[in-house]
Each structure stands twice: as C-alpha cells, then as structure tokens.
Amino acid sequence: MSVPLMEIYERLLDHFGRQYWWPAESPFEVLVSAVLVQNTSWSNVEKVMGILREEGMRTVEDLDDLAIEELFELIRPVGYYRIKGKRLKNLLAYIRDRHGGSLEAMFQTPLDRLRRELLEINGIGPETADSILLYAGNLPTFVVDAYTLRIFARHGWAEPDCDYHQLKSLFEDGLERDAALYNEYHALLVRLGKERCYKRKPQCQACPLEQFLPEGGPVEPVDGA
DNA sequence: TGCCAGGCCGGGT
DNA sequence: ACCCGGCATGGC
C-alpha cells in the first residue's frame with residue numbers, strides 16, 4: 001500500500017504550475033518569515049516583511065542589533081509578536097555565536113547536524129527548522145505542515161494523528177533526495193491546502209487530486225489540527 | 001460576528 | 001507519555 005507520490009506531484013504541478021517558493025527575497029527574509037509565520041496567516045507576515053524592509057532591516061546583524069522592544073513594535077501586526085520576537089532573537093544569537101553571523105557559513109554545516117542545532121533553539125520546532133534549511137539553505141529536507149497532514153489524511157494516505165517525523169519520512173523515503181523537488185512539492189501542497197475543501201469549508205473550486213479520493217468521499221475526519 | 005491562520009513551548013496530570 | 005492552554009493580530 002504505497003502512496004503514489006510522484007503522480008500526486010505531477011497532478012499538482014499540472015494544475016497549479018510552478019510556485020517559485022519561498023515567497024521572500026533573500027535567505028535572510030526566508031529565515032525571518034519562517035519564524036513569523038508560525039500558526040499565522042501569510043498576509044500578516046507579508047505586511048511585517050514590508051515594514052522590516054522600510055526600516056532597513058535587511059541582514060542578520062541589523063535585527064540582532066535592534067533592541068527587542070523595538071523589534072516587538074516592528075513585528076506587532078504578525079500576532080504573537082512578543083513570543084516571536086524572542087524566538088527570532090534566539091535564532092539570531094545562534095547564528096552570531098556559532099556561525100559568525102553568516103548565513104552562508106551556517107549553511108555549510110552538514111544538514112543533519114545543522115538541523116539538530118536549530119531544533120535546540122527555543123522557539124524553533126521541526127517545521128520552522130526544515131523551512132529554513134530547505135528554502136533558505138537549499139538543503140534537501142522535506143517540510144511538513146498542517147496542510148500536508150490535512151491533505152494526506154483526507155485521501156487516506158496518512159493517519160490523521162500521525163506525527164511530524166512520520167509524515168516527513170513518508171516523503172523522504174519515497175522520493176529522490178532532491179532539494180528542488182522537495183521545494184516545489186511542499187509549495188504545491190500549501191497552494192492546494194488553501195483551497196476551501198481542505199479548510200473544512202463548503203466546496204473546493206478545483207480538486208486536482210479528486211481522482212485519488214477514496215470511494216465514498218474523503219476519509220473523516222479531515223481536521224488534523 | 002466569531003472563527004481561523006504555513007507552530008511551539010511549558011505546566012499539569 | 002500525553003493533554004492542554006497560552007501566545008495576538010488581521011481577514012473573511
């Protein structure tokens with residue numbers, strides 16, 4: 001009983017086209033927005049990324065040097081701004097202390113070791129770490145998120161209560177180890193996840209994976225949290 | 001208007 | 001090992 005990962009991918013790619021992710025302008029912006037987007041809609045993050053650009057916050061050092069109370073004010077519209085400000089500061093301190101403040105240097109670190117170190121930082125969990133590694137560092141680690149779980153549970157390809165690592169392994173064991181593939185695949189899943197039927201609302205406008213739905217409709221529950 | 005959003009942590013059982 | 005509340009703003 002294996003999941004047709006490449007067929008799913010091709011269906012999504014045919015339907016939506018390439019996504020050109022992560023929607024940010026530099027590895028620095030990827031890293032910052034990966035923290036800011038935790039349990040938050042992208043529109044809030046977009047607004048704050050615009051504020052940071054206007055304020056000239058374009059590097060690790062710029063933000064590292066900023067007083068935390070000032071950081072709170074700049075990122076306020078994102079929501080959870082106090083906790084996220086602290087988490088961002090934790091990450092910036094790690095990059096300063098362990099990599100001389102250089103993202104390029106940081107991404108020279110072997111993937112497994114860098115991932116473990118990121119996960120030790122308070123406020124950096126598996127999704128945030130993997131997003132940074134893949135989308136800022138171009139390193140081959142698959143990113144799993146709430147959409148991925150909802151979509152895969154809905155189609156009966158994953159247990160609704162399976163954990164992050166189980167779902168991640170499903171992709172990494174079944175696909176070529178290729179950062180470009182992981183990048184596009186996850187981006188397409190998020191794109192699909194935003195469709196109404198994957199948010200437990202009325203009907204989806206377009207269901208490119210419809211042919212894969214089990215007989216008798218989606219597996220319940222679709223929720224997945 | 002209430003409900004939801006591309007998580008993660010800490011405290012209680 | 002689980003389960004749960006807290007964190008906060010903006011959009012529909």
# chains A, B, ... in the order shown; residues from 1 in each chain; ligands from 1

$ interface_residues --of "chain A" --to "chain C" --cutoff "6 Å" --atoms "only C-alpha atoms (C1' of nucleotides)" --output "JSON, numbers by chain"
{"A": [77, 78, 79, 80]}

$ write_last_selection --atoms "C-alpha atoms" --output "mmCIF file, in the first residue's frame"
data_model
loop_
_atom_site.group_PDB
_atom_site.id
_atom_site.type_symbol
_atom_site.label_atom_id
_atom_site.label_comp_id
_atom_site.auth_asym_id
_atom_site.auth_seq_id
_atom_site.Cartn_x
_atom_site.Cartn_y
_atom_site.Cartn_z
ATOM 1 C CA PRO A 77 0.950 43.099 13.112
ATOM 2 C CA VAL A 78 2.041 39.488 12.735
ATOM 3 C CA GLY A 79 0.400 38.450 16.012
ATOM 4 C CA TYR A 80 2.135 36.607 18.872
#

$ interface_residues --of "chain A" --to "chain B" --cutoff "12 Å" --atoms "only C-alpha atoms (C1' of nucleotides)" --output "PyMOL selection string"
chain A and resi 22-23+33-45+78-80+83-84+87+119+121-129+131+143-149+164+186-194+199-201+225

$ closest_residue --among "A:Asp161, A:Glu210, A:Glu29, A:Asp64" --to "Leu52 in chain A" --atoms "only C-alpha atoms"
A:Glu29

$ residues_around --residues "Pro110 in chain A" --least-positions-apart "5" --cutoff "12 Å" --atoms "only C-alpha atoms (C1' of nucleotides)" --output "list in words"
Ala105, Arg115, Arg116, Glu117, Leu133, Gly137, Leu139, Pro140 and Thr141 of chain A
